[in-house]
file data_37.cif (mmCIF, C-alpha atoms)
data_target
#
loop_
_atom_site.label_atom_id
_atom_site.label_comp_id
_atom_site.auth_asym_id
_atom_site.auth_seq_id
_atom_site.Cartn_x
_atom_site.Cartn_y
_atom_site.Cartn_z
CA MET A 7 -34.32 -56.63 -3.08
CA ASP A 8 -32.47 -53.62 -4.45
CA ALA A 9 -32.37 -50.47 -2.32
CA ARG A 10 -34.33 -47.67 -3.94
CA ASP A 11 -34.98 -44.06 -3.13
CA LYS A 12 -38.41 -42.45 -2.84
CA ARG A 13 -38.61 -41.85 -6.59
CA GLY A 14 -37.98 -45.51 -7.37
CA HIS A 15 -34.41 -45.01 -8.57
CA ASP A 16 -31.82 -47.67 -7.91
CA VAL A 17 -29.70 -46.10 -5.17
CA GLU A 18 -26.63 -48.14 -6.02
CA LYS A 19 -26.74 -46.97 -9.64
CA LEU A 20 -27.41 -43.37 -8.73
CA ALA A 21 -24.79 -43.14 -6.00
CA PRO A 22 -21.63 -41.48 -7.36
CA ARG A 23 -18.40 -43.44 -7.39
CA ARG A 24 -15.83 -42.24 -4.85
CA TYR A 25 -12.11 -41.98 -5.35
CA SER A 26 -10.51 -44.69 -3.21
CA GLY A 27 -8.53 -42.09 -1.29
CA PHE A 28 -11.50 -39.77 -0.60
CA MET A 29 -12.29 -39.84 3.09
CA ASN A 30 -15.76 -39.96 4.58
CA SER A 31 -17.20 -37.22 6.77
CA THR A 32 -16.20 -38.96 10.00
CA ALA A 33 -12.55 -39.15 8.95
CA ILE A 34 -12.64 -35.51 7.85
CA ALA A 35 -14.09 -34.45 11.18
CA LYS A 36 -11.29 -36.24 13.02
CA THR A 37 -8.32 -34.94 11.02
CA ARG A 38 -9.84 -31.72 9.65
CA ARG A 39 -7.41 -29.50 7.71
CA PRO A 40 -5.40 -31.81 5.43
CA GLU A 41 -8.41 -33.88 4.39
CA VAL A 42 -10.65 -30.83 3.85
CA ALA A 43 -8.03 -29.37 1.54
CA PHE A 44 -7.89 -32.63 -0.39
CA GLY A 45 -11.68 -32.75 -0.53
CA ALA A 46 -11.81 -29.23 -1.95
CA ALA A 47 -9.30 -30.15 -4.65
CA ALA A 48 -11.28 -33.26 -5.57
CA ARG A 49 -14.65 -31.51 -5.96
CA PRO A 50 -14.40 -30.64 -9.69
CA ALA A 51 -13.40 -34.18 -10.66
CA LEU A 52 -16.11 -35.70 -8.46
CA LEU A 53 -18.71 -33.46 -10.09
CA LEU A 54 -17.67 -34.45 -13.60
CA GLU A 55 -17.58 -38.12 -12.70
CA TRP A 56 -21.12 -37.83 -11.36
CA TYR A 57 -22.23 -35.81 -14.40
CA ASP A 58 -20.82 -38.34 -16.86
CA ARG A 59 -23.01 -40.99 -15.24
CA HIS A 60 -26.19 -39.04 -14.50
CA ARG A 61 -26.41 -36.07 -16.88
CA ARG A 62 -29.92 -35.14 -17.93
CA GLU A 63 -30.92 -35.73 -21.54
CA LEU A 64 -32.09 -32.35 -22.84
CA PRO A 65 -32.86 -31.44 -26.47
CA TRP A 66 -30.29 -28.62 -26.52
CA ARG A 67 -27.48 -30.79 -25.16
CA PRO A 68 -25.22 -32.72 -27.53
CA LEU A 69 -24.19 -36.30 -26.92
CA PRO A 70 -21.13 -36.77 -24.66
CA GLY A 71 -17.95 -35.78 -26.47
CA GLU A 72 -19.78 -33.77 -29.13
CA ARG A 73 -19.63 -30.00 -29.47
CA ALA A 74 -22.59 -27.95 -28.37
CA ASP A 75 -24.43 -25.87 -30.98
CA PRO A 76 -24.16 -22.19 -29.94
CA TYR A 77 -27.59 -21.43 -31.42
CA SER A 78 -29.26 -24.18 -29.36
CA VAL A 79 -27.39 -23.16 -26.22
CA TRP A 80 -28.36 -19.51 -26.65
CA LEU A 81 -32.00 -20.29 -27.47
CA SER A 82 -32.37 -22.60 -24.48
CA GLU A 83 -30.65 -20.22 -22.06
CA VAL A 84 -32.95 -17.35 -23.03
CA MET A 85 -36.03 -19.55 -22.67
CA LEU A 86 -34.86 -20.94 -19.33
CA GLN A 87 -34.62 -17.52 -17.69
CA GLN A 88 -37.15 -17.69 -14.83
CA THR A 89 -38.82 -20.69 -16.50
CA GLY A 90 -38.55 -24.42 -15.71
CA VAL A 91 -37.10 -27.05 -18.02
CA LYS A 92 -40.40 -28.94 -18.35
CA THR A 93 -42.13 -25.81 -19.65
CA VAL A 94 -39.28 -24.85 -21.98
CA VAL A 95 -38.73 -28.17 -23.79
CA PRO A 96 -41.82 -28.05 -26.10
CA TYR A 97 -41.22 -24.37 -26.91
CA PHE A 98 -37.56 -25.06 -27.72
CA LYS A 99 -38.50 -27.92 -30.07
CA LYS A 100 -41.18 -25.80 -31.72
CA PHE A 101 -38.77 -22.92 -32.32
CA LEU A 102 -36.08 -25.23 -33.69
CA VAL A 103 -38.48 -26.75 -36.21
CA ARG A 104 -39.70 -23.33 -37.35
CA TRP A 105 -36.31 -21.58 -37.26
CA PRO A 106 -33.46 -24.16 -37.35
CA ASP A 107 -30.65 -21.60 -37.17
CA VAL A 108 -30.00 -18.02 -36.13
CA ASP A 109 -30.24 -16.69 -39.70
CA ALA A 110 -33.72 -18.14 -40.09
CA LEU A 111 -34.81 -16.61 -36.80
CA GLY A 112 -33.28 -13.26 -37.77
CA ARG A 113 -35.34 -13.24 -40.97
CA ALA A 114 -38.59 -13.87 -39.09
CA SER A 115 -40.93 -11.05 -38.14
CA LEU A 116 -41.17 -10.01 -34.51
CA ASP A 117 -44.91 -10.70 -34.63
CA ASP A 118 -44.26 -14.31 -35.65
CA VAL A 119 -41.73 -14.74 -32.85
CA LEU A 120 -44.13 -13.29 -30.29
CA ARG A 121 -46.91 -15.59 -31.50
CA MET A 122 -44.66 -18.62 -31.15
CA TRP A 123 -43.54 -17.40 -27.70
CA ALA A 124 -47.10 -16.81 -26.43
CA GLY A 125 -47.68 -18.57 -23.12
CA LEU A 126 -44.00 -18.74 -22.14
CA GLY A 127 -44.16 -15.41 -20.28
CA TYR A 128 -41.64 -12.62 -19.68
CA TYR A 129 -42.15 -11.37 -23.23
CA SER A 130 -39.21 -8.99 -23.25
CA ARG A 131 -37.15 -12.16 -23.71
CA ALA A 132 -38.86 -12.80 -27.05
CA ARG A 133 -38.19 -9.27 -28.25
CA ASN A 134 -34.55 -9.52 -27.17
CA LEU A 135 -34.29 -12.97 -28.77
CA HIS A 136 -35.38 -11.59 -32.13
CA ALA A 137 -33.16 -8.51 -31.86
CA CYS A 138 -30.17 -10.71 -31.01
CA ALA A 139 -30.82 -13.05 -33.94
CA VAL A 140 -30.99 -10.07 -36.29
CA ALA A 141 -27.70 -8.71 -34.91
CA VAL A 142 -25.85 -12.05 -35.15
CA SER A 143 -27.08 -12.58 -38.70
CA ARG A 144 -26.42 -9.01 -39.84
CA ASP A 145 -23.24 -8.11 -37.98
CA HIS A 146 -21.53 -11.47 -37.38
CA GLY A 147 -22.32 -13.46 -40.49
CA GLY A 148 -24.64 -15.77 -38.58
CA VAL A 149 -21.88 -16.88 -36.19
CA PHE A 150 -22.07 -16.18 -32.46
CA PRO A 151 -19.02 -14.48 -30.88
CA ASP A 152 -17.02 -17.06 -28.92
CA THR A 153 -15.99 -14.86 -25.99
CA GLU A 154 -17.92 -13.61 -22.98
CA GLU A 155 -17.20 -10.00 -23.95
CA GLY A 156 -18.35 -10.52 -27.54
CA LEU A 157 -21.55 -12.22 -26.43
CA ARG A 158 -22.36 -9.44 -23.96
CA SER A 159 -22.28 -6.95 -26.82
CA LEU A 160 -25.36 -8.60 -28.35
CA PRO A 161 -28.92 -7.41 -27.60
CA GLY A 162 -30.57 -9.12 -24.66
CA ILE A 163 -27.49 -11.08 -23.53
CA GLY A 164 -26.50 -10.21 -19.96
CA SER A 165 -23.64 -11.40 -17.83
CA TYR A 166 -25.15 -14.79 -16.89
CA THR A 167 -26.30 -15.72 -20.41
CA ALA A 168 -22.96 -14.64 -21.89
CA ALA A 169 -21.08 -16.76 -19.37
CA ALA A 170 -23.35 -19.76 -19.97
CA ILE A 171 -22.94 -19.64 -23.76
CA ALA A 172 -19.19 -19.02 -23.52
CA ALA A 173 -18.72 -21.98 -21.17
CA ILE A 174 -21.16 -24.48 -22.66
CA ALA A 175 -20.86 -23.69 -26.37
CA PHE A 176 -17.22 -22.59 -26.53
CA GLY A 177 -15.51 -24.20 -23.54
CA ARG A 178 -14.35 -20.92 -22.02
CA ARG A 179 -13.20 -21.32 -18.41
CA ILE A 180 -16.09 -19.37 -16.92
CA MET A 181 -18.69 -20.47 -14.38
CA PRO A 182 -22.20 -19.15 -15.04
CA VAL A 183 -24.29 -19.08 -11.87
CA ASP A 184 -28.02 -19.76 -12.14
CA GLY A 185 -30.49 -20.49 -9.35
CA ASN A 186 -29.53 -24.16 -9.14
CA ILE A 187 -25.83 -23.37 -8.87
CA GLU A 188 -26.51 -20.66 -6.26
CA ARG A 189 -28.28 -23.24 -4.12
CA VAL A 190 -25.57 -25.91 -4.46
CA VAL A 191 -22.70 -23.50 -3.77
CA SER A 192 -24.41 -21.71 -0.88
CA ARG A 193 -24.96 -25.09 0.82
CA LEU A 194 -21.55 -26.51 0.00
CA PHE A 195 -19.82 -23.50 1.62
CA ALA A 196 -22.64 -22.54 4.07
CA VAL A 197 -22.77 -18.98 2.75
CA GLU A 198 -24.43 -16.94 5.50
CA LYS A 199 -24.81 -13.69 3.60
CA PRO A 200 -28.32 -13.45 2.08
CA LEU A 201 -29.12 -13.04 -1.59
CA PRO A 202 -28.75 -10.89 -3.58
CA GLN A 203 -25.81 -9.48 -1.58
CA ALA A 204 -24.14 -12.91 -1.61
CA LYS A 205 -24.03 -13.17 -5.42
CA PRO A 206 -20.40 -11.98 -5.86
CA LEU A 207 -19.17 -14.37 -3.17
CA ILE A 208 -21.15 -17.28 -4.61
CA GLN A 209 -19.73 -16.50 -8.06
CA GLN A 210 -16.20 -16.57 -6.66
CA LEU A 211 -16.79 -19.85 -4.82
CA ALA A 212 -18.50 -21.46 -7.82
CA THR A 213 -15.45 -20.75 -9.97
CA THR A 214 -13.38 -23.02 -7.71
CA LEU A 215 -15.50 -25.93 -8.96
CA LEU A 216 -14.33 -25.59 -12.58
CA CYS A 217 -12.40 -28.62 -13.74
CA GLU A 218 -9.07 -28.36 -15.49
CA SER A 219 -8.68 -30.06 -18.87
CA ARG A 220 -7.81 -33.72 -19.10
CA ALA A 221 -6.09 -35.75 -21.80
CA GLY A 222 -8.62 -36.63 -24.45
CA ASP A 223 -11.02 -33.77 -23.71
CA VAL A 224 -12.73 -32.32 -26.77
CA LYS A 225 -11.45 -28.84 -27.57
CA SER A 226 -13.92 -26.02 -28.01
CA ARG A 227 -14.40 -24.13 -31.25
CA ALA A 228 -12.57 -21.26 -29.61
CA GLY A 229 -9.56 -23.50 -29.05
CA ASP A 230 -9.75 -23.26 -25.28
CA VAL A 231 -8.05 -26.38 -23.91
CA LYS A 232 -10.00 -26.14 -20.64
CA SER A 233 -12.89 -27.59 -22.59
CA ARG A 234 -14.95 -29.16 -19.79
CA ALA A 235 -15.92 -25.82 -18.27
CA GLY A 236 -19.37 -26.19 -19.81
CA ASP A 237 -19.73 -29.67 -18.34
CA SER A 238 -18.67 -28.37 -14.92
CA ALA A 239 -21.44 -25.77 -15.07
CA GLN A 240 -24.04 -28.21 -16.33
CA ALA A 241 -23.03 -30.74 -13.66
CA LEU A 242 -23.85 -28.18 -10.97
CA MET A 243 -27.10 -27.26 -12.73
CA ASP A 244 -28.15 -30.91 -12.88
CA LEU A 245 -27.08 -31.48 -9.28
CA GLY A 246 -29.28 -28.61 -8.13
CA ALA A 247 -32.21 -29.71 -10.29
CA SER A 248 -32.21 -33.39 -9.35
CA ILE A 249 -30.47 -33.85 -5.97
CA CYS A 250 -29.70 -30.56 -4.20
CA THR A 251 -33.32 -29.47 -4.52
CA PRO A 252 -34.89 -26.56 -2.57
CA LYS A 253 -36.72 -28.94 -0.22
CA LYS A 254 -35.68 -32.37 1.03
CA PRO A 255 -32.38 -32.60 -0.88
CA ALA A 256 -31.19 -36.18 -1.52
CA CYS A 257 -27.82 -35.60 0.13
CA SER A 258 -26.90 -39.29 0.28
CA LEU A 259 -26.80 -39.34 -3.53
CA CYS A 260 -24.69 -36.19 -3.86
CA PRO A 261 -21.06 -36.54 -4.98
CA LEU A 262 -20.10 -33.72 -2.60
CA ASP A 263 -22.03 -34.78 0.49
CA ASP A 264 -18.93 -35.69 2.53
CA ASP A 265 -17.54 -32.21 1.94
CA CYS A 266 -20.68 -30.06 2.28
CA ALA A 267 -20.68 -27.56 5.16
CA ALA A 268 -24.47 -27.31 5.35
CA ARG A 269 -24.81 -31.10 5.23
CA THR A 270 -22.37 -31.38 8.15
CA ARG A 271 -24.43 -28.85 10.13
CA GLY A 272 -27.72 -30.46 9.15
CA ASP A 273 -29.36 -27.21 8.01
CA GLN A 274 -29.23 -27.60 4.21
CA GLU A 275 -32.73 -26.29 3.56
CA ILE A 276 -32.05 -22.83 5.00
CA PHE A 277 -29.64 -22.11 2.13
CA PRO A 278 -29.41 -19.99 0.16
CA ARG A 279 -30.40 -17.35 2.66
CA LYS A 280 -32.62 -14.70 1.13
CA ALA A 281 -33.52 -11.17 2.11
CA PRO A 282 -37.29 -10.69 2.66
CA LYS A 283 -39.13 -10.06 -0.61
CA LYS A 284 -40.95 -6.81 -1.11
CA SER A 285 -44.18 -7.50 -2.95
CA GLY A 286 -45.67 -4.72 -5.04
CA ALA A 287 -49.03 -3.18 -4.21
CA LEU A 288 -52.11 -4.73 -5.78
CA ARG A 289 -53.21 -2.97 -8.98
CA ARG A 290 -56.72 -2.98 -10.40
CA GLY A 291 -58.27 -2.24 -13.74
CA ALA A 292 -60.90 -3.22 -16.29
CA ALA A 293 -60.73 -5.19 -19.53
CA PHE A 294 -63.26 -4.79 -22.35
CA VAL A 295 -64.26 -7.85 -24.38
CA VAL A 296 -66.13 -6.51 -27.43
CA THR A 297 -67.51 -8.74 -30.19
CA ARG A 298 -68.78 -7.90 -33.67
CA GLY A 299 -70.37 -11.07 -34.98
CA ASP A 300 -67.70 -13.74 -34.73
CA LYS A 301 -64.86 -11.25 -34.32
CA LEU A 302 -63.16 -9.79 -31.27
CA LEU A 303 -61.75 -6.29 -30.79
CA VAL A 304 -58.03 -6.32 -29.98
CA ARG A 305 -54.99 -4.07 -30.13
CA THR A 306 -51.22 -4.41 -29.91
CA ARG A 307 -49.43 -3.11 -26.84
CA ALA A 308 -46.59 -0.64 -27.18
CA GLU A 309 -43.29 -2.23 -28.22
CA LYS A 310 -41.53 -1.30 -24.98
CA GLY A 311 -42.67 -1.98 -21.46
CA LEU A 312 -44.70 -4.70 -19.79
CA LEU A 313 -46.04 -7.27 -22.31
CA GLY A 314 -44.51 -5.14 -25.07
CA GLY A 315 -45.69 -5.97 -28.59
CA MET A 316 -48.27 -8.49 -27.38
CA THR A 317 -51.95 -8.64 -28.37
CA GLU A 318 -54.61 -7.60 -25.86
CA VAL A 319 -58.24 -6.59 -25.60
CA PRO A 320 -58.66 -2.92 -24.66
CA THR A 321 -58.11 -2.23 -20.97
CA SER A 322 -58.15 0.67 -18.57
CA HIS A 323 -55.03 1.79 -16.75
CA TRP A 324 -53.78 -0.60 -14.07
CA LEU A 325 -53.63 1.41 -10.87
CA ALA A 326 -53.48 0.80 -7.14
CA VAL A 327 -56.54 3.04 -6.77
CA GLN A 328 -59.10 2.22 -9.47
CA ASP A 329 -62.90 2.06 -9.23
CA ASP A 330 -65.49 0.89 -11.74
CA LYS A 331 -66.73 4.33 -12.60
CA THR A 332 -63.25 5.60 -13.45
CA ALA A 333 -62.37 2.43 -15.37
CA LEU A 334 -65.52 2.59 -17.51
CA LYS A 335 -64.57 6.09 -18.65
CA GLN A 336 -61.55 4.45 -20.32
CA ALA A 337 -63.63 1.97 -22.35
CA PRO A 338 -63.14 2.01 -26.15
CA MET A 339 -65.43 4.43 -27.97
CA LEU A 340 -67.80 2.45 -30.20
CA LYS A 341 -71.22 3.31 -31.55
CA GLY A 342 -73.96 0.85 -30.79
CA ILE A 343 -72.99 0.05 -27.21
CA ALA A 344 -75.99 0.83 -25.06
CA HIS A 345 -74.67 -0.86 -21.98
CA TRP A 346 -71.52 -2.60 -20.76
CA HIS A 347 -72.19 -5.92 -19.04
CA ARG A 348 -69.98 -6.59 -16.07
CA ARG A 349 -68.85 -10.21 -15.86
CA ALA A 350 -69.14 -11.72 -12.39
CA GLY A 351 -65.86 -12.12 -10.54
CA VAL A 352 -62.41 -10.84 -11.49
CA VAL A 353 -59.41 -12.14 -13.42
CA THR A 354 -56.28 -12.27 -11.30
CA HIS A 355 -52.67 -12.40 -12.47
CA VAL A 356 -49.34 -12.02 -10.73
CA PHE A 357 -46.47 -10.23 -12.45
CA THR A 358 -42.94 -10.17 -11.11
CA HIS A 359 -43.40 -6.86 -9.31
CA PHE A 360 -47.12 -6.67 -8.59
CA PRO A 361 -50.40 -8.65 -8.52
CA LEU A 362 -53.25 -7.53 -10.77
CA GLU A 363 -57.06 -7.82 -10.68
CA LEU A 364 -59.14 -7.05 -13.76
CA VAL A 365 -62.90 -6.65 -13.90
CA VAL A 366 -64.19 -7.82 -17.30
CA TYR A 367 -66.88 -5.94 -19.24
CA THR A 368 -68.51 -7.33 -22.38
CA ALA A 369 -70.50 -5.80 -25.21
CA HIS A 370 -71.78 -6.55 -28.74
CA VAL A 371 -71.68 -4.04 -31.58
CA PRO A 372 -73.43 -4.05 -35.00
CA ALA A 373 -71.66 -5.48 -38.04
CA ARG A 374 -70.97 -2.01 -39.44
CA ALA A 375 -69.50 -0.56 -36.27
CA ARG A 376 -66.31 1.34 -37.00
CA THR A 377 -63.00 0.21 -35.63
CA PRO A 378 -61.48 2.52 -33.00
CA ALA A 379 -58.08 3.96 -33.87
CA GLY A 380 -55.20 1.64 -33.12
CA MET A 381 -57.42 -1.42 -32.81
CA ARG A 382 -58.53 -4.25 -35.11
CA TRP A 383 -61.05 -7.05 -35.36
CA VAL A 384 -59.82 -10.64 -35.43
CA PRO A 385 -61.87 -13.82 -35.89
CA ILE A 386 -62.38 -15.56 -32.57
CA SER A 387 -61.53 -18.82 -34.32
CA THR A 388 -58.00 -17.56 -35.08
CA LEU A 389 -57.12 -16.22 -31.63
CA GLY A 390 -54.66 -19.09 -31.27
CA ASP A 391 -52.51 -17.38 -33.92
CA GLU A 392 -52.32 -14.14 -31.95
CA ALA A 393 -49.49 -13.25 -29.56
CA LEU A 394 -51.75 -13.34 -26.53
CA PRO A 395 -50.10 -13.36 -23.08
CA ASN A 396 -51.58 -15.67 -20.47
CA LEU A 397 -53.31 -12.75 -18.77
CA MET A 398 -55.28 -11.94 -21.94
CA ARG A 399 -56.12 -15.58 -22.57
CA LYS A 400 -57.74 -15.64 -19.12
CA VAL A 401 -59.56 -12.34 -19.73
CA ILE A 402 -60.95 -13.46 -23.10
CA ALA A 403 -62.03 -16.83 -21.77
CA HIS A 404 -63.77 -15.07 -18.87
CA GLY A 405 -65.51 -12.60 -21.17
CA LEU A 406 -66.51 -14.99 -23.95
CA GLY A 407 -67.88 -17.41 -21.39
CA GLU A 408 -70.74 -14.98 -20.72
CA ILE A 409 -71.33 -14.18 -24.37
CA LYS A 410 -71.62 -17.84 -25.35
#

call {"tool": "encode", "arguments": {"input": "data_37.cif", "output": "structure tokens"}}
result
Amino acid sequence: MDARDKRGHDVEKLAPRRYSGFMNSTAIAKTRRPEVAFGAAARPALLLEWYDRHRRELPWRPLPGERADPYSVWLSEVMLQQTGVKTVVPYFKKFLVRWPDVDALGRASLDDVLRMWAGLGYYSRARNLHACAVAVSRDHGGVFPDTEEGLRSLPGIGSYTAAAIAAIAFGRRIMPVDGNIERVVSRLFAVEKPLPQAKPLIQQLATTLLCESRAGDVKSRAGDVKSRAGDSAQALMDLGASICTPKKPACSLCPLDDDCAARTRGDQEIFPRKAPKKSGALRRGAAFVVTRGDKLLVRTRAEKGLLGGMTEVPTSHWLAVQDDKTALKQAPMLKGIAHWHRRAGVVTHVFTHFPLELVVYTAHVPARARTPAGMRWVPISTLGDEALPNLMRKVIAHGLGEIK
């Protein structure tokens, strides 16, 4: 019977091939220096050999040997910021069908982009995505710059995203460092300094894992002969996602296990070390779910700031000190409301910097009730077309549950 790991994978097929001269951990421990140096030199090639056998199939990745599409790389990298692959895949496919290239996305309205993005979270990414598409289409003829510096000049593209696009789409010899790569590198070198202070060191160490070009490698559009830089980065990303996982890493399947400092020590799971997180203070507020027949009262949040440009029902301020009496004074002014009905319970949501609790109040108004300034009525049946963040979807569901 074939040996299989806990996920049912054939261990023999998953296990990376070793170079015949690569020594095991026991031999390295006995002879130390010379073999460790050889192991360090072999790491990039071992990673690529493993990647060529076990790379993940992702909709934004081209087939082996084919050039990556800069638009797909950029779109996926923006979506993947603080979001898992499983969540991103359907959004990526949906965007690509609606807007197949950067010019099409640049011609779209921000409202349409926000609607399509709804549910993916961190909505500043959607605003930056649209702004970047407009800039590439308007200022660069629909062609992404092929250097890290040129990419960083675009709206919403920071140092990591620029490095990822430059490496993956254009073969530039740069190592982008995401969370997966941080974990792999911090374990491989047993980096004791905690994050985020360790980021510069991890970046420096990760760069040593870039593979030089080989005969037959496909050149990048930028003409950079070190064209497997993108594969080196993606190999580390895949390694972190599938083997060097946060808990219970499958070290026996790792191509670098014989040369991993944390593996040798037996304390892999403590890396990367992290400074204690400071959680923000709880904020409270009220949300007002108002119906007029089969329509709901909504408004659009300010373009800048938290949930910028998204659709919401009216709310009070979100403050650490907020009571019902104060919150009700911030309810929308509508004629015909004799009494606000408080919905039992609260809606909770956790943002990056603070948790939030909202009490939900509901009310009905007559068909002729005027619309408060800056607000609008939308059919409840078409709420799916609105750019509603997850928080507001929860609030509306909570409020309409009582009304129905």

call {"tool": "resolve_selection", "arguments": {"input": "data_37.cif", "expression": "the PyMOL selection byres ((chain A and resi 255) around 12)", "output": "number ranges by chain"}}
result
A: 11-12, 189-190, 193, 245-254, 256-260, 263, 268-269, 272-277

call {"tool": "resolve_selection", "arguments": {"input": "data_37.cif", "expression": "the PyMOL selection byres ((chain A and resi 313-318) around 6)", "output": "VMD selection string"}}
result
chain A and resid 129 304 to 312 319 393 to 394 398

call {"tool": "atom_distance", "arguments": {"input": "data_37.cif", "atom1": "atom CA of A:Thr368", "atom2": "atom CA of A:Gly405"}}
result
6.2 Å

call {"tool": "residues_around", "arguments": {"input": "data_37.cif", "residues": "A:Ser159", "least_positions_apart": "4", "cutoff": "10 Å", "atoms": "all atoms listed in the file", "output": "mmCIF file with C-alpha atoms, in the frame of the given file"}}
result
data_model
loop_
_atom_site.group_PDB
_atom_site.id
_atom_site.type_symbol
_atom_site.label_atom_id
_atom_site.label_comp_id
_atom_site.auth_asym_id
_atom_site.auth_seq_id
_atom_site.Cartn_x
_atom_site.Cartn_y
_atom_site.Cartn_z
ATOM 1 C CA CYS A 138 -30.170 -10.710 -31.010
ATOM 2 C CA ALA A 141 -27.700 -8.710 -34.910
ATOM 3 C CA PRO A 151 -19.020 -14.480 -30.880
ATOM 4 C CA GLU A 154 -17.920 -13.610 -22.980
ATOM 5 C CA GLU A 155 -17.200 -10.000 -23.950
ATOM 6 C CA ILE A 163 -27.490 -11.080 -23.530
ATOM 7 C CA GLY A 164 -26.500 -10.210 -19.960
ATOM 8 C CA ALA A 168 -22.960 -14.640 -21.890
#

call {"tool": "closest_residue", "arguments": {"input": "data_37.cif", "among": "A:Pro106, A:Gly185, A:Gly125, A:Pro338", "to": "A:Thr93", "atoms": "all atoms listed in the file"}}
result
A:Gly125

call {"tool": "resolve_selection", "arguments": {"input": "data_37.cif", "expression": "the PyMOL selection byres ((chain A and resi 169) around 8)", "output": "count of residues only"}}
result
12

call {"tool": "atom_distance", "arguments": {"input": "data_37.cif", "atom1": "atom CA of A:Asp391", "atom2": "atom CA of A:Leu81"}}
result
21.7 Å

call {"tool": "closest_residue", "arguments": {"input": "data_37.cif", "among": "A:Ser387, A:Gln87, A:Gln336, A:Ser285", "to": "A:Leu362", "atoms": "all atoms listed in the file"}}
result
A:Ser285

call {"tool": "residues_around", "arguments": {"input": "data_37.cif", "residues": "stretch 203-210 of chain A", "least_positions_apart": "3", "cutoff": "8 Å", "atoms": "only C-alpha atoms", "output": "list of chain:residue names"}}
result
A:Met181, A:Pro182, A:Val183, A:Glu188, A:Val191, A:Ser192, A:Val197, A:Lys199, A:Pro200, A:Thr213, A:Thr214

call {"tool": "write_last_selection", "arguments": {"input": "data_37.cif", "atoms": "C-alpha atoms", "output": "mmCIF file, in the frame of the given file"}}
result
data_model
loop_
_atom_site.group_PDB
_atom_site.id
_atom_site.type_symbol
_atom_site.label_atom_id
_atom_site.label_comp_id
_atom_site.auth_asym_id
_atom_site.auth_seq_id
_atom_site.Cartn_x
_atom_site.Cartn_y
_atom_site.Cartn_z
ATOM 1 C CA MET A 181 -18.690 -20.470 -14.380
ATOM 2 C CA PRO A 182 -22.200 -19.150 -15.040
ATOM 3 C CA VAL A 183 -24.290 -19.080 -11.870
ATOM 4 C CA GLU A 188 -26.510 -20.660 -6.260
ATOM 5 C CA VAL A 191 -22.700 -23.500 -3.770
ATOM 6 C CA SER A 192 -24.410 -21.710 -0.880
ATOM 7 C CA VAL A 197 -22.770 -18.980 2.750
ATOM 8 C CA LYS A 199 -24.810 -13.690 3.600
ATOM 9 C CA PRO A 200 -28.320 -13.450 2.080
ATOM 10 C CA THR A 213 -15.450 -20.750 -9.970
ATOM 11 C CA THR A 214 -13.380 -23.020 -7.710
#

call {"tool": "residues_around", "arguments": {"input": "data_37.cif", "residues": "A:Ala110", "least_positions_apart": "3", "cutoff": "12 Å", "atoms": "all atoms listed in the file", "output": "ChimeraX atom specification"}}
result
/A:77,101-107,113-115,119,136,139-140,142-144,148

call {"tool": "write_last_selection", "arguments": {"input": "data_37.cif", "atoms": "C-alpha atoms", "output": "CSV table (one decimal), in the frame of the given file"}}
result
chain,number,residue,atom,x,y,z
A,77,TYR,CA,-27.6,-21.4,-31.4
A,101,PHE,CA,-38.8,-22.9,-32.3
A,102,LEU,CA,-36.1,-25.2,-33.7
A,103,VAL,CA,-38.5,-26.8,-36.2
A,104,ARG,CA,-39.7,-23.3,-37.4
A,105,TRP,CA,-36.3,-21.6,-37.3
A,106,PRO,CA,-33.5,-24.2,-37.4
A,107,ASP,CA,-30.6,-21.6,-37.2
A,113,ARG,CA,-35.3,-13.2,-41.0
A,114,ALA,CA,-38.6,-13.9,-39.1
A,115,SER,CA,-40.9,-11.0,-38.1
A,119,VAL,CA,-41.7,-14.7,-32.8
A,136,HIS,CA,-35.4,-11.6,-32.1
A,139,ALA,CA,-30.8,-13.0,-33.9
A,140,VAL,CA,-31.0,-10.1,-36.3
A,142,VAL,CA,-25.8,-12.0,-35.2
A,143,SER,CA,-27.1,-12.6,-38.7
A,144,ARG,CA,-26.4,-9.0,-39.8
A,148,GLY,CA,-24.6,-15.8,-38.6

call {"tool": "decode", "arguments": {"input": "data_37.cif", "residues": "stretch 119-124 of chain A", "atoms": "N, CA and C atoms", "output": "mmCIF file, in the first residue's frame"}}
result
data_model
loop_
_atom_site.group_PDB
_atom_site.id
_atom_site.type_symbol
_atom_site.label_atom_id
_atom_site.label_comp_id
_atom_site.auth_asym_id
_atom_site.auth_seq_id
_atom_site.Cartn_x
_atom_site.Cartn_y
_atom_site.Cartn_z
ATOM 1 N N VAL A 119 -17.243 49.193 -10.039
ATOM 2 C CA VAL A 119 -16.135 48.431 -9.471
ATOM 3 C C VAL A 119 -16.420 48.092 -8.010
ATOM 4 N N LEU A 120 -16.928 49.063 -7.278
ATOM 5 C CA LEU A 120 -17.248 48.817 -5.862
ATOM 6 C C LEU A 120 -18.350 47.778 -5.715
ATOM 7 N N ARG A 121 -19.336 47.809 -6.607
ATOM 8 C CA ARG A 121 -20.405 46.808 -6.549
ATOM 9 C C ARG A 121 -19.841 45.412 -6.782
ATOM 10 N N MET A 122 -18.957 45.301 -7.774
ATOM 11 C CA MET A 122 -18.376 44.005 -8.094
ATOM 12 C C MET A 122 -17.467 43.519 -6.957
ATOM 13 N N TRP A 123 -16.854 44.478 -6.249
ATOM 14 C CA TRP A 123 -15.917 44.158 -5.167
ATOM 15 C C TRP A 123 -16.648 43.797 -3.871
ATOM 16 N N ALA A 124 -17.907 44.179 -3.747
ATOM 17 C CA ALA A 124 -18.648 44.042 -2.486
ATOM 18 C C ALA A 124 -18.529 42.638 -1.923
#
